[in-house]
file data23.pdb (PDB, C-alpha atoms)
MODEL        1
ATOM      1  CA  MET A   1     105.402 121.338 304.988
ATOM      2  CA  LEU A   2     102.939 122.119 302.192
ATOM      3  CA  ARG A   3     105.121 125.036 301.088
ATOM      4  CA  SER A   4     108.204 122.809 300.974
ATOM      5  CA  ALA A   5     106.378 120.128 298.981
ATOM      6  CA  LEU A   6     105.213 122.719 296.450
ATOM      7  CA  LEU A   7     108.692 124.227 296.149
ATOM      8  CA  VAL A   8     110.299 120.817 295.634
ATOM      9  CA  THR A   9     107.713 119.837 293.011
ATOM     10  CA  VAL A  10     108.145 123.095 291.086
ATOM     11  CA  GLY A  11     111.924 122.883 291.468
ATOM     12  CA  VAL A  12     112.112 119.334 290.088
ATOM     13  CA  ALA A  13     109.867 120.149 287.128
ATOM     14  CA  PHE A  14     111.801 123.325 286.325
ATOM     15  CA  THR A  15     115.133 121.483 286.662
ATOM     16  CA  ALA A  16     113.983 118.778 284.235
ATOM     17  CA  TYR A  17     112.986 121.434 281.696
ATOM     18  CA  ILE A  18     116.316 123.251 282.042
ATOM     19  CA  CYS A  19     118.197 119.968 281.679
ATOM     20  CA  LEU A  20     116.480 119.318 278.347
ATOM     21  CA  VAL A  21     117.427 122.811 277.180
ATOM     22  CA  VAL A  22     121.036 122.208 278.249
ATOM     23  CA  ILE A  23     121.187 118.872 276.407
ATOM     24  CA  ILE A  24     119.973 120.550 273.212
ATOM     25  CA  LEU A  25     122.432 123.442 273.557
ATOM     26  CA  SER A  26     125.319 121.042 274.118
ATOM     27  CA  LEU A  27     124.818 119.602 270.629
ATOM     28  CA  PHE A  28     126.002 122.844 269.027
ATOM     29  CA  SER A  29     129.418 124.482 268.864
ATOM     30  CA  GLY A  30     129.998 126.612 271.940
ATOM     31  CA  GLY A  31     126.891 125.108 273.473
ATOM     32  CA  ALA A  32     128.572 124.175 276.760
ATOM     33  CA  ASP A  33     129.287 127.817 277.594
ATOM     34  CA  ARG A  34     125.746 128.850 276.670
ATOM     35  CA  ALA A  35     124.387 125.955 278.717
ATOM     36  CA  HIS A  36     126.336 127.178 281.750
ATOM     37  CA  LYS A  37     124.666 130.578 281.391
ATOM     38  CA  VAL A  38     121.267 128.877 281.275
ATOM     39  CA  ALA A  39     122.187 126.892 284.394
ATOM     40  CA  ARG A  40     123.094 130.145 286.144
ATOM     41  CA  ILE A  41     119.593 131.489 285.385
ATOM     42  CA  TRP A  42     118.115 128.200 286.670
ATOM     43  CA  ALA A  43     119.975 128.599 289.965
ATOM     44  CA  LYS A  44     118.945 132.226 290.406
ATOM     45  CA  ILE A  45     115.272 131.414 289.789
ATOM     46  CA  LEU A  46     115.294 128.528 292.290
ATOM     47  CA  LEU A  47     116.886 130.763 294.917
ATOM     48  CA  LEU A  48     114.270 133.425 294.212
ATOM     49  CA  ILE A  49     111.233 131.155 294.528
ATOM     50  CA  SER A  50     112.650 129.606 297.719
ATOM     51  CA  SER A  51     113.095 133.087 299.259
ATOM     52  CA  THR A  52     116.840 132.616 299.689
ATOM     53  CA  LYS A  53     118.787 135.871 299.859
ATOM     54  CA  VAL A  54     122.520 135.686 299.202
ATOM     55  CA  THR A  55     125.203 138.150 300.281
ATOM     56  CA  VAL A  56     128.541 137.799 298.467
ATOM     57  CA  ILE A  57     131.746 138.994 300.111
ATOM     58  CA  GLY A  58     134.959 139.150 298.077
ATOM     59  CA  GLY A  59     133.487 138.722 294.615
ATOM     60  CA  HIS A  60     136.395 140.758 293.215
ATOM     61  CA  ASN A  61     138.737 137.873 294.125
ATOM     62  CA  VAL A  62     137.455 135.763 291.237
ATOM     63  CA  LEU A  63     140.040 135.846 288.457
ATOM     64  CA  SER A  64     138.627 137.043 285.151
ATOM     65  CA  LYS A  65     141.480 136.222 282.779
ATOM     66  CA  GLN A  66     142.804 132.848 283.913
ATOM     67  CA  PRO A  67     141.373 129.527 285.085
ATOM     68  CA  GLN A  68     141.158 128.697 288.763
ATOM     69  CA  VAL A  69     140.091 125.859 291.051
ATOM     70  CA  PHE A  70     137.235 126.880 293.335
ATOM     71  CA  MET A  71     137.144 124.903 296.596
ATOM     72  CA  CYS A  72     133.977 125.212 298.658
ATOM     73  CA  ASN A  73     132.619 123.722 301.869
ATOM     74  CA  HIS A  74     129.506 121.579 301.469
ATOM     75  CA  GLN A  75     126.530 121.421 303.843
ATOM     76  CA  SER A  76     123.398 121.410 301.660
ATOM     77  CA  ASP A  77     122.152 120.910 298.114
ATOM     78  CA  PHE A  78     121.591 124.669 298.106
ATOM     79  CA  ASP A  79     125.383 125.158 298.016
ATOM     80  CA  ILE A  80     125.218 124.198 294.348
ATOM     81  CA  LEU A  81     122.570 126.841 293.619
ATOM     82  CA  VAL A  82     124.433 129.554 295.513
ATOM     83  CA  ALA A  83     127.748 128.851 293.787
ATOM     84  CA  MET A  84     126.176 128.520 290.351
ATOM     85  CA  ALA A  85     124.157 131.728 290.694
ATOM     86  CA  HIS A  86     126.784 133.972 292.252
ATOM     87  CA  ILE A  87     130.261 132.941 291.096
ATOM     88  CA  PRO A  88     130.882 134.830 287.845
ATOM     89  CA  GLY A  89     132.388 133.390 284.716
ATOM     90  CA  GLN A  90     132.523 129.931 283.242
ATOM     91  CA  PHE A  91     133.428 126.901 285.315
ATOM     92  CA  ARG A  92     132.819 123.161 285.291
ATOM     93  CA  TRP A  93     131.797 121.020 288.248
ATOM     94  CA  ILE A  94     133.637 117.937 289.412
ATOM     95  CA  ALA A  95     131.005 115.556 290.768
ATOM     96  CA  LYS A  96     130.621 111.977 291.922
ATOM     97  CA  LYS A  97     129.693 109.520 289.177
ATOM     98  CA  GLU A  98     126.390 108.590 290.851
ATOM     99  CA  LEU A  99     124.924 111.956 289.841
ATOM    100  CA  PHE A 100     125.566 111.186 286.179
ATOM    101  CA  ARG A 101     123.213 108.192 286.415
ATOM    102  CA  ILE A 102     120.179 110.381 287.114
ATOM    103  CA  PRO A 103     117.878 110.451 284.048
ATOM    104  CA  ILE A 104     117.962 113.756 282.116
ATOM    105  CA  PHE A 105     120.102 115.401 284.826
ATOM    106  CA  GLY A 106     123.106 113.144 284.131
ATOM    107  CA  PRO A 107     123.162 113.661 280.349
ATOM    108  CA  ALA A 108     122.805 117.405 280.907
ATOM    109  CA  MET A 109     125.858 117.388 283.170
ATOM    110  CA  ARG A 110     127.883 115.529 280.544
ATOM    111  CA  GLY A 111     126.676 117.923 277.867
ATOM    112  CA  VAL A 112     127.990 120.924 279.783
ATOM    113  CA  GLY A 113     131.348 119.210 280.251
ATOM    114  CA  TYR A 114     131.165 118.375 283.946
ATOM    115  CA  ILE A 115     133.682 115.784 285.122
ATOM    116  CA  GLU A 116     132.643 112.627 286.939
ATOM    117  CA  ILE A 117     134.755 111.067 289.678
ATOM    118  CA  ASP A 118     134.562 107.378 290.588
ATOM    119  CA  ARG A 119     135.316 107.522 294.290
ATOM    120  CA  GLN A 120     135.277 103.730 294.545
ATOM    121  CA  ASP A 121     138.041 103.223 291.963
ATOM    122  CA  HIS A 122     141.268 105.103 292.673
ATOM    123  CA  GLN A 123     142.741 104.532 289.216
ATOM    124  CA  LYS A 124     139.641 105.841 287.430
ATOM    125  CA  ALA A 125     139.451 108.770 289.830
ATOM    126  CA  MET A 126     143.028 109.782 289.016
ATOM    127  CA  LYS A 127     142.306 109.580 285.292
ATOM    128  CA  SER A 128     139.313 111.872 285.805
ATOM    129  CA  LEU A 129     141.467 114.349 287.705
ATOM    130  CA  ASP A 130     144.066 114.299 284.924
ATOM    131  CA  LYS A 131     141.239 114.994 282.467
ATOM    132  CA  ALA A 132     140.097 117.886 284.648
ATOM    133  CA  ALA A 133     143.661 119.239 284.797
ATOM    134  CA  GLU A 134     143.753 119.242 281.004
ATOM    135  CA  LYS A 135     140.476 121.218 280.885
ATOM    136  CA  ILE A 136     142.014 123.767 283.242
ATOM    137  CA  ARG A 137     145.113 124.100 281.089
ATOM    138  CA  GLN A 138     142.756 124.744 278.167
ATOM    139  CA  GLY A 139     141.298 127.681 280.097
ATOM    140  CA  LYS A 140     138.321 126.280 282.031
ATOM    141  CA  SER A 141     137.906 126.808 285.756
ATOM    142  CA  VAL A 142     136.492 124.011 287.910
ATOM    143  CA  MET A 143     134.355 123.968 291.044
ATOM    144  CA  THR A 144     134.937 121.328 293.721
ATOM    145  CA  PHE A 145     133.733 120.289 297.155
ATOM    146  CA  PRO A 146     136.952 118.968 298.745
ATOM    147  CA  GLU A 147     135.002 117.395 301.628
ATOM    148  CA  GLY A 148     133.660 114.940 299.048
ATOM    149  CA  THR A 149     130.110 114.982 300.396
ATOM    150  CA  ARG A 150     127.778 117.120 302.477
ATOM    151  CA  SER A 151     128.558 117.592 306.152
ATOM    152  CA  ARG A 152     126.067 115.932 308.506
ATOM    153  CA  ASP A 153     126.475 118.416 311.346
ATOM    154  CA  GLY A 154     127.578 121.629 309.636
ATOM    155  CA  GLN A 155     131.197 121.156 310.656
ATOM    156  CA  VAL A 156     133.878 121.364 307.958
ATOM    157  CA  LYS A 157     134.920 117.771 307.316
ATOM    158  CA  PRO A 158     138.499 116.733 306.455
ATOM    159  CA  PHE A 159     139.422 117.582 302.871
ATOM    160  CA  LYS A 160     140.193 114.814 300.411
ATOM    161  CA  PRO A 161     143.576 115.196 298.661
ATOM    162  CA  GLY A 162     142.361 114.532 295.091
ATOM    163  CA  THR A 163     141.276 118.067 294.227
ATOM    164  CA  PHE A 164     144.581 119.417 295.554
ATOM    165  CA  TYR A 165     146.388 116.993 293.263
ATOM    166  CA  LEU A 166     144.325 118.544 290.472
ATOM    167  CA  ALA A 167     145.303 122.101 291.413
ATOM    168  CA  ILE A 168     149.011 121.311 291.718
ATOM    169  CA  LYS A 169     149.108 119.321 288.461
ATOM    170  CA  SER A 170     147.308 122.063 286.527
ATOM    171  CA  GLY A 171     149.156 124.943 288.173
ATOM    172  CA  ALA A 172     145.874 126.847 288.544
ATOM    173  CA  PRO A 173     145.404 128.947 291.703
ATOM    174  CA  ILE A 174     142.946 127.803 294.342
ATOM    175  CA  VAL A 175     140.134 130.178 295.268
ATOM    176  CA  PRO A 176     138.632 129.225 298.667
ATOM    177  CA  VAL A 177     134.848 129.678 298.836
ATOM    178  CA  THR A 178     132.890 129.539 302.088
ATOM    179  CA  ILE A 179     129.102 129.228 302.138
ATOM    180  CA  VAL A 180     127.310 129.886 305.434
ATOM    181  CA  GLY A 181     123.587 129.404 306.063
ATOM    182  CA  THR A 182     122.423 126.815 303.519
ATOM    183  CA  ALA A 183     122.179 124.026 306.112
ATOM    184  CA  GLU A 184     119.422 125.994 307.837
ATOM    185  CA  ILE A 185     117.551 126.471 304.553
ATOM    186  CA  MET A 186     117.654 122.827 303.446
ATOM    187  CA  PRO A 187     119.358 120.372 305.814
ATOM    188  CA  ARG A 188     121.105 117.247 304.560
ATOM    189  CA  ARG A 189     118.708 114.362 303.794
ATOM    190  CA  SER A 190     115.694 116.649 304.063
ATOM    191  CA  LEU A 191     113.197 118.016 301.546
ATOM    192  CA  LYS A 192     112.063 120.781 303.868
ATOM    193  CA  VAL A 193     112.927 124.234 302.500
ATOM    194  CA  ARG A 194     112.923 127.306 304.748
ATOM    195  CA  PRO A 195     113.338 130.952 303.711
ATOM    196  CA  GLY A 196     116.671 132.334 304.821
ATOM    197  CA  ARG A 197     119.859 134.268 304.261
ATOM    198  CA  VAL A 198     123.153 132.913 302.978
ATOM    199  CA  THR A 199     126.596 134.456 303.019
ATOM    200  CA  MET A 200     129.209 133.408 300.462
ATOM    201  CA  ILE A 201     132.798 134.487 301.087
ATOM    202  CA  ILE A 202     135.297 134.323 298.221
ATOM    203  CA  ASP A 203     138.891 134.596 299.407
ATOM    204  CA  PRO A 204     141.932 135.738 297.394
ATOM    205  CA  PRO A 205     143.515 133.126 295.103
ATOM    206  CA  ILE A 206     146.277 130.929 296.514
ATOM    207  CA  ASP A 207     149.292 130.335 294.262
ATOM    208  CA  VAL A 208     149.903 126.574 294.183
ATOM    209  CA  ASN A 209     153.280 126.816 292.477
ATOM    210  CA  GLU A 210     155.017 127.009 295.846
ATOM    211  CA  TYR A 211     153.643 123.561 296.710
ATOM    212  CA  THR A 212     154.384 120.058 295.430
ATOM    213  CA  LEU A 213     152.550 116.769 295.814
ATOM    214  CA  ASP A 214     154.905 116.036 298.710
ATOM    215  CA  THR A 215     153.852 119.230 300.511
ATOM    216  CA  ARG A 216     150.195 118.942 299.546
ATOM    217  CA  ASP A 217     149.112 118.507 303.177
ATOM    218  CA  GLN A 218     150.291 122.046 303.927
ATOM    219  CA  LEU A 219     148.131 123.370 301.109
ATOM    220  CA  ILE A 220     145.138 121.357 302.308
ATOM    221  CA  LYS A 221     145.509 122.791 305.820
ATOM    222  CA  ARG A 222     145.852 126.331 304.488
ATOM    223  CA  VAL A 223     142.643 126.175 302.451
ATOM    224  CA  ARG A 224     140.656 124.374 305.151
ATOM    225  CA  ASP A 225     141.790 126.843 307.830
ATOM    226  CA  ILE A 226     140.564 129.751 305.702
ATOM    227  CA  ILE A 227     137.119 128.182 305.282
ATOM    228  CA  MET A 228     136.852 127.224 308.951
ATOM    229  CA  GLU A 229     137.785 130.760 310.021
ATOM    230  CA  ASN A 230     135.116 132.210 307.728
ATOM    231  CA  LYS A 231     132.495 129.901 309.205
ATOM    232  CA  LYS A 232     133.419 131.062 312.693
ATOM    233  CA  LYS A 233     133.292 134.705 311.637
ATOM    234  CA  TYR A 234     130.093 134.692 309.606
ATOM    235  CA  GLY A 235     128.097 131.854 311.117
ATOM    236  CA  ASN A 236     128.194 128.876 313.413
ATOM    237  CA  PRO A 237     131.682 127.375 313.947
TER     238      PRO A 237
ENDMDL
END

call {"tool": "encode", "arguments": {"input": "data23.pdb", "output": "C-alpha cells"}}
result
Amino acid sequence: MLRSALLVTVGVAFTAYICLVVIILSLFSGGADRAHKVARIWAKILLLISSTKVTVIGGHNVLSKQPQVFMCNHQSDFDILVAMAHIPGQFRWIAKKELFRIPIFGPAMRGVGYIEIDRQDHQKAMKSLDKAAEKIRQGKSVMTFPEGTRSRDGQVKPFKPGTFYLAIKSGAPIVPVTIVGTAEIMPRRSLKVRPGRVTMIIDPPIDVNEYTLDTRDQLIKRVRDIIMENKKKYGNP
C-alpha cells in the first residue's frame, strides 16, 4: 500500500508539472504537436516508474500518412498511459467534459486540442463530434473509448454509436486497439498500483466507406467482435 501511495503522489506531482509545460507550449505555433510529444514522454515515464511492461502487437497497422480513428477498450486509467506511450504519431483524445474541469489538467487538454463530449446533452455531443470530424479531415487522428467509460468487471461493454458516427462522417478508417492487463495493474476506482505486464494489439484499419449511418450497427459489431476476440486470445475473456 505504501508503494502505491508513493507512486500515486509522484505521478500526480509529475502530471501537474507536465500539464504546465503543455499549457505553455500550446501558446506557440505548432505547440499542440510538441505538447503531444511531451505527453508521450510523460506516459512512458509513468509506466516505467510503475514497473509496467508493455508488449505491442501489430504496430505496423498504424497508418503513417493519413488520419485514422483509434477505438480502444477501456478497463483502467492505465489504458490512457499505454495508448499515449505506444501508439505512434499524432492524435487527439475525445474525452468526457468532466475531465476538462480538473484544474491544470483540463486547460492542458484544451491546449493540446483534445475534444470534449457532453454526454448529458445530445445536441452538444453531436456538435463536438462534427468538430472532431473536421479535425480528422484536416489530418489529425483521434483516439476514442467507444464503451464511454471504464468497464467494472473487465468485460467489453456495449459500444456507444457516437464515435462510429464520427468515423463515417469523416471517412477516416477505424483502427481497433485492444489493451489487455491494465485492470490487474490498477483496477477501476482504486489507487492501488501493482507491477505487471500489458499487451496492446493494434488491428488492421477498417475502411468505413462501405458503411452508412443506417448500417452503423454492423460496423459497431465488427469492431467490438475484433476487440472481444483479442481479449479472449491474449487475456481473460

call {"tool": "residues_near_point", "arguments": {"input": "data23.pdb", "point": "(127.3, 120.3, 277.4)", "cutoff": "10 Å", "atoms": "only C-alpha atoms", "output": "list in words"}}
result
Val22, Ile23, Ile24, Leu25, Ser26, Leu27, Phe28, Ser29, Gly30, Gly31, Ala32, Asp33, Arg34, Ala35, His36, Pro107, Ala108, Met109, Arg110, Gly111, Val112, Gly113 and Tyr114 of chain A

call {"tool": "write_last_selection", "arguments": {"input": "data23.pdb", "atoms": "C-alpha atoms", "output": "JSON list (two decimals), in the frame of the given file"}}
result
[["chain", "number", "residue", "atom", "x", "y", "z"],
["A", 22, "VAL", "CA", 121.04, 122.21, 278.25],
["A", 23, "ILE", "CA", 121.19, 118.87, 276.41],
["A", 24, "ILE", "CA", 119.97, 120.55, 273.21],
["A", 25, "LEU", "CA", 122.43, 123.44, 273.56],
["A", 26, "SER", "CA", 125.32, 121.04, 274.12],
["A", 27, "LEU", "CA", 124.82, 119.60, 270.63],
["A", 28, "PHE", "CA", 126.00, 122.84, 269.03],
["A", 29, "SER", "CA", 129.42, 124.48, 268.86],
["A", 30, "GLY", "CA", 130.00, 126.61, 271.94],
["A", 31, "GLY", "CA", 126.89, 125.11, 273.47],
["A", 32, "ALA", "CA", 128.57, 124.18, 276.76],
["A", 33, "ASP", "CA", 129.29, 127.82, 277.59],
["A", 34, "ARG", "CA", 125.75, 128.85, 276.67],
["A", 35, "ALA", "CA", 124.39, 125.96, 278.72],
["A", 36, "HIS", "CA", 126.34, 127.18, 281.75],
["A", 107, "PRO", "CA", 123.16, 113.66, 280.35],
["A", 108, "ALA", "CA", 122.80, 117.40, 280.91],
["A", 109, "MET", "CA", 125.86, 117.39, 283.17],
["A", 110, "ARG", "CA", 127.88, 115.53, 280.54],
["A", 111, "GLY", "CA", 126.68, 117.92, 277.87],
["A", 112, "VAL", "CA", 127.99, 120.92, 279.78],
["A", 113, "GLY", "CA", 131.35, 119.21, 280.25],
["A", 114, "TYR", "CA", 131.16, 118.38, 283.95]]

call {"tool": "atom_distance", "arguments": {"input": "data23.pdb", "atom1": "atom CA of Lys232 of chain A", "atom2": "atom CA of Leu46 of chain A"}}
result
27.4 Å

call {"tool": "resolve_selection", "arguments": {"input": "data23.pdb", "expression": "the PyMOL selection byres ((chain A and resi 147) around 12)", "output": "ChimeraX atom specification"}}
result
/A:71-75,95-96,144-146,148-152,154-164,220,223-224,227

call {"tool": "residues_around", "arguments": {"input": "data23.pdb", "residues": "Lys65 of chain A", "least_positions_apart": "4", "cutoff": "12 Å", "atoms": "only C-alpha atoms", "output": "PyMOL selection string"}}
result
chain A and resi 61+88-90+139-141+172

call {"tool": "resolve_selection", "arguments": {"input": "data23.pdb", "expression": "the PyMOL selection byres ((chain A and resi 203-214) around 8)", "output": "list in words"}}
result
Gly58, Asn61, Val62, Leu63, Tyr165, Ala167, Ile168, Gly171, Ala172, Pro173, Ile174, Val175, Pro176, Val177, Ile201, Ile202, Thr215, Arg216, Asp217 and Leu219 of chain A

call {"tool": "residues_around", "arguments": {"input": "data23.pdb", "residues": "Val82 of chain A", "least_positions_apart": "3", "cutoff": "9 Å", "atoms": "only C-alpha atoms", "output": "list in words"}}
result
Ala43, Lys44, Leu47, Val54, Phe78, Asp79, Ala85, His86, Ile87, Ile179, Thr182, Val198 and Met200 of chain A

call {"tool": "axis_aligned_box", "arguments": {"input": "data23.pdb", "around": "segment 105-122 of chain A", "padding_each_side": "3 Å", "output": "AutoDock Vina command-line options"}}
result
--center_x 130.7 --center_y 112.1 --center_z 286.2 --size_x 27.2 --size_y 23.7 --size_z 22.7

call {"tool": "residues_around", "arguments": {"input": "data23.pdb", "residues": "segment 186-197 of chain A", "least_positions_apart": "3", "cutoff": "6 Å", "atoms": "all atoms listed in the file", "output": "VMD selection string"}}
result
chain A and resid 4 51 to 54 76 183

call {"tool": "atom_distance", "arguments": {"input": "data23.pdb", "atom1": "atom CA of Cys19 of chain A", "atom2": "atom CA of Lys37 of chain A"}}
result
12.4 Å

call {"tool": "atom_distance", "arguments": {"input": "data23.pdb", "atom1": "atom CA of Glu184 of chain A", "atom2": "atom CA of Ser50 of chain A"}}
result
12.7 Å

call {"tool": "closest_residue", "arguments": {"input": "data23.pdb", "among": "A:Gln218, A:Gln68, A:Ser170, A:Thr199", "to": "Glu134 of chain A", "atoms": "all atoms listed in the file"}}
result
A:Ser170

call {"tool": "closest_residue", "arguments": {"input": "data23.pdb", "among": "A:Lys97, A:His122, A:Arg92, A:Lys233", "to": "Ile80 of chain A", "atoms": "all atoms listed in the file"}}
result
A:Arg92
